[in-house]
Amino acid sequence: MEKTAISTSDLTKIYGERAALSHGNFVVPNGSICGFVGPNGSGKTTTIRMLLGLIAPTSGTATVLGESISHPEKYLPHVGAMIEGPAFYPALSGRENLKVLAELGGFPLSRVDQLLEKVDLADRGGSKFKTYSLGMKQRLGIAAALLPNPKLLILDEPTNGLDPSGIQEVRGIIKDLADSGTTVFVSSHILSELEMICEYLIMLREGRVIFSGRTQELLSGQKPIIVAKPEYDVDLTNLAKKLTDSGFKISIVDGSLHIEAAQEASATINRMAFEAGITLASISVVLPTLEETFFEMTGDSK
Amino acid sequence: MIRVVIAELRKLRRPTLLLGTIATVGGLSALFTSIIFLMIDSEDGNSRRGESIGPEELSQAMGLVYGFRLVGAFLGIVALCIFASQTAQEYSLGTLRNLLVRQPSRMKILAGKFISMKIFALVMVLFAGALSILISFALAERAGVNTSAWTTSAAIELLFRSTLNIFIATLCFGTFGMILGLLLRSPISAIAVGVLWILILENILGALIKSTGKWLPGFNFSNLGEGGIPSLSYRHSIAVSLAYLVIGGAIAAVFFKRRDVAN
């Protein structure tokens, strides 16, 4: 069995003078849940389309499930994908839309109703696609991606338009699939979601891969922040001045001091506050979230 | 490829398209056939371009298929619209990416689509023909047309030949629409360009420069449906139509195979 579900080597796509993806190198380990993040226009969808054989790379190579992307017919029967939102025939029902794809892929039609059940669309399967809400369309897209019982599932923004319970359901589906050995490659703008489920991350910025590896590795490489909150708000500026004078880099956020320092500095900060006659209501060490790390690495503004 | 054909037929048999087409084709067939028999004594004529066709001519074997042959040209326009929209909508709806993920061979997708639309066109032609013949028999007596020649072997042979010719012409129009759909990737643009070209531009060109007529695609497709006319042979129309469709089809197929699916 291949160790990698996806592997790219200098994968490049150039449109005119603009590189949608430039020398992309990354690996998605088999059986993992891998997040694919980057600002809009960073090249995520272009990369996914190349992996699915929909667009041809300008240069470079890639393999999916051990097969070259120049022969998509060898791996696509084992790949499920939802790219850039669900696209279906508006005048056909959800069930008929899935049957078209099942017939095309040679999958049993009995699978259609099982999948409608799985994505909670069983009672609306007979309604025309054009009458579906955005969340229902999204769920149908996920059902279509699951048709081949895939070894690799590629999802582009699967939680777009879903309500919180829908998001939770999708998270559950992804986790279940990963538990059964399916590799899931998922792009999303909801970084907190990815942080919860993804062991691996690939981060793009302006068509370049700026990180590829374990999520933990990315987050632990970031500087922690010590959050200190004085008991009385009036002490906030005093403590801020004292810490700044001692060389700490600080910022005030929602009545708390955010201090960029190693975990070991907590004791020093606590002592300095005590010596200045300031009582701290709380002091804690916080690692940056994926969202904060993303903004820092991509230079994107919140 | 059979899987593609089955999947495509599922799309083509959706009620809005199937019933809409049946209603359109049935309406056209009923209208044109009825006009021939109900306006048989009209001074304004009862056939194309104000021509008159009387009971004597309709009483011959040809009378059986006269209405069907009149509606044949319009079946071509209907086929052009359906083939163009069914092809181009895959781009405009973004569904082509789903199809290609499930069937990566683009040529199989194209061939499967073409075969399924051929089947659809055949059903359309057979329905129009059957309805036209039923109406012809129903209205013949009232129009003073003797139908005894309609049941002879000559009439049956003429019926088969006319059906085949109309089917071939319908396929040519449909293929022309499919090529436009593949090249323009928008149903509205493909239908507009196709219909404008066939119904308006070719007529203007043909009227301005007489010699162009025999080289224009629409004229030749229509001539195939007619089974050939004295001024334009069937064989010539087959050659010209094939040339247009093979060259156009090859260009469209190359575009379809190589073009990035970026929407």
# chains A, B, ... in the order shown; residues from 1 in each chain; ligands from 1
call {"tool": "interface_residues", "arguments": {"of": "chain A", "to": "chain B", "cutoff": "8 Å", "atoms": "only C-alpha atoms", "output": "number ranges by chain"}}
result
A: 46, 49, 52-56, 72-73, 76-77, 81, 87-89, 91-92, 96, 99-101, 103-106
call {"tool": "select_by_dssp", "arguments": {"residues": "region 134-236 of chain A", "states": "strand (DSSP E or B)", "output": "MDAnalysis selection string"}}
result
chainID A and resid 152:156 183:187 200:205 208:214 225:230
call {"tool": "closest_residue", "arguments": {"among": "A:Leu134, A:Leu21, A:Leu290, A:Val28", "to": "Met196 (chain A)", "atoms": "only C-alpha atoms"}}
result
A:Leu290
call {"tool": "residues_around", "arguments": {"residues": "Glu56 (chain B)", "least_positions_apart": "3", "cutoff": "8 Å", "atoms": "only C-alpha atoms", "output": "count of residues only"}}
result
3
call {"tool": "select_by_dssp", "arguments": {"residues": "region 137-259 of chain A", "states": "alpha helix (DSSP H)", "output": "PyMOL selection string"}}
result
chain A and resi 137-146+164-179+191-197+215-220+235-245
call {"tool": "residues_around", "arguments": {"residues": "Ile82 (chain B)", "least_positions_apart": "6", "cutoff": "9 Å", "atoms": "only C-alpha atoms", "output": "JSON, numbers by chain"}}
result
{"B": [17, 21, 117, 174, 177, 178, 191]}
call {"tool": "write_last_selection", "arguments": {"atoms": "N, CA, C and O atoms", "output": "CSV table (one decimal), in the first residue's frame"}}
result
chain,number,residue,atom,x,y,z
B,17,LEU,N,-38.0,18.4,-19.9
B,17,LEU,CA,-37.4,18.4,-21.3
B,17,LEU,C,-38.2,17.4,-22.2
B,17,LEU,O,-38.5,17.8,-23.3
B,21,THR,N,-40.5,18.7,-25.1
B,21,THR,CA,-40.1,18.4,-26.5
B,21,THR,C,-41.2,17.7,-27.2
B,21,THR,O,-41.6,18.1,-28.4
B,117,MET,N,-28.2,11.5,-27.4
B,117,MET,CA,-29.0,12.5,-28.0
B,117,MET,C,-29.6,12.0,-29.4
B,117,MET,O,-30.6,12.4,-29.8
B,174,GLY,N,-28.7,18.7,-35.2
B,174,GLY,CA,-28.4,18.5,-33.8
B,174,GLY,C,-26.8,18.5,-33.6
B,174,GLY,O,-26.3,19.1,-32.6
B,177,GLY,N,-25.6,21.9,-33.6
B,177,GLY,CA,-25.8,22.5,-32.3
B,177,GLY,C,-24.9,22.0,-31.2
B,177,GLY,O,-24.4,22.8,-30.4
B,178,MET,N,-24.6,20.7,-31.2
B,178,MET,CA,-23.6,20.2,-30.3
B,178,MET,C,-22.2,20.8,-30.4
B,178,MET,O,-21.6,21.1,-29.4
B,191,ILE,N,-27.4,28.4,-28.8
B,191,ILE,CA,-28.7,28.3,-29.5
B,191,ILE,C,-28.9,29.6,-30.4
B,191,ILE,O,-29.4,29.5,-31.5
call {"tool": "closest_residue", "arguments": {"among": "A:Met82, A:Ala62, A:Ala145, A:Ala19", "to": "Gly43 (chain A)", "atoms": "only C-alpha atoms"}}
result
A:Ala19
call {"tool": "residues_around", "arguments": {"residues": "Leu70 (chain B)", "least_positions_apart": "5", "cutoff": "8 Å", "atoms": "only C-alpha atoms", "output": "PyMOL selection string"}}
result
chain B and resi 32-33+48
call {"tool": "residues_around", "arguments": {"residues": "Thr12 (chain A)", "least_positions_apart": "2", "cutoff": "9 Å", "atoms": "only C-alpha atoms", "output": "compact mmCIF listing (two decimals) with N, CA, C and O atoms, in the first residue's frame"}}
result
# COMPACT_ATOMS: atom_id res chain seq x y z
N SER A 9 5.27 17.20 -6.96
CA SER A 9 6.68 17.57 -7.14
C SER A 9 6.76 18.73 -8.13
O SER A 9 6.48 18.57 -9.32
N ASP A 10 7.07 19.90 -7.59
CA ASP A 10 7.18 21.12 -8.40
C ASP A 10 5.95 21.37 -9.27
O ASP A 10 6.05 21.86 -10.40
N ILE A 14 0.44 27.89 -14.67
CA ILE A 14 0.59 29.30 -15.00
C ILE A 14 -0.51 29.70 -15.97
O ILE A 14 -0.74 29.03 -16.98
N ALA A 19 1.14 32.93 -11.91
CA ALA A 19 1.28 31.53 -11.47
C ALA A 19 0.20 31.24 -10.44
O ALA A 19 0.24 31.78 -9.33
N ALA A 20 -0.78 30.41 -10.81
CA ALA A 20 -1.82 30.02 -9.84
C ALA A 20 -1.20 29.10 -8.79
O ALA A 20 -1.57 29.12 -7.62
N LEU A 21 -0.25 28.27 -9.21
CA LEU A 21 0.52 27.44 -8.28
C LEU A 21 1.95 27.36 -8.83
O LEU A 21 2.15 27.09 -10.01
N SER A 22 2.90 27.64 -7.96
CA SER A 22 4.28 27.67 -8.41
C SER A 22 5.12 26.65 -7.64
O SER A 22 5.26 26.74 -6.43
N HIS A 23 5.65 25.69 -8.34
CA HIS A 23 6.54 24.67 -7.76
C HIS A 23 5.99 24.12 -6.44
O HIS A 23 6.67 24.13 -5.43
N GLY A 24 4.76 23.67 -6.49
CA GLY A 24 4.13 23.14 -5.28
C GLY A 24 4.66 21.75 -4.93
O GLY A 24 4.61 20.83 -5.74
N THR A 47 -5.06 23.70 -7.59
CA THR A 47 -4.32 22.50 -7.20
C THR A 47 -5.25 21.28 -7.20
O THR A 47 -4.93 20.23 -7.75
N PRO A 57 -1.33 20.49 -15.63
CA PRO A 57 -0.28 21.35 -15.07
C PRO A 57 0.61 21.93 -16.17
O PRO A 57 0.79 21.30 -17.21
N THR A 58 1.14 23.11 -15.91
CA THR A 58 2.09 23.70 -16.86
C THR A 58 3.41 22.94 -16.79
O THR A 58 4.05 22.66 -17.79
N SER A 59 3.81 22.60 -15.56
CA SER A 59 5.00 21.78 -15.37
C SER A 59 4.89 21.07 -14.02
O SER A 59 4.01 21.35 -13.22
N GLY A 60 5.83 20.17 -13.77
CA GLY A 60 5.81 19.43 -12.52
C GLY A 60 4.94 18.18 -12.62
O GLY A 60 4.26 17.97 -13.63
N THR A 61 5.01 17.39 -11.57
CA THR A 61 4.24 16.14 -11.56
C THR A 61 3.54 15.95 -10.23
O THR A 61 3.84 16.65 -9.25
N GLY A 207 0.08 31.24 -4.45
CA GLY A 207 0.52 30.16 -5.33
C GLY A 207 1.75 29.41 -4.85
O GLY A 207 2.31 28.61 -5.61
call {"tool": "residues_around", "arguments": {"residues": "Glu275 (chain A)", "least_positions_apart": "5", "cutoff": "12 Å", "atoms": "only C-alpha atoms", "output": "number ranges by chain"}}
result
A: 239, 242, 268-270, 280
call {"tool": "closest_residue", "arguments": {"among": "B:Trp150, B:Phe83, B:Phe127, B:Phe120", "to": "Glu57 (chain B)", "atoms": "only C-alpha atoms"}}
result
B:Trp150
call {"tool": "closest_residue", "arguments": {"among": "A:Leu115, A:Val37, A:Leu287, A:Ile259", "to": "Glu193 (chain A)", "atoms": "only C-alpha atoms"}}
result
A:Val37
call {"tool": "atom_distance", "arguments": {"atom1": "CA of Ala138 (chain B)", "atom2": "CA of Gly72 (chain B)"}}
result
20.0 Å
call {"tool": "atom_distance", "arguments": {"atom1": "CA of Ser42 (chain B)", "atom2": "CA of Ser136 (chain B)"}}
result
17.5 Å
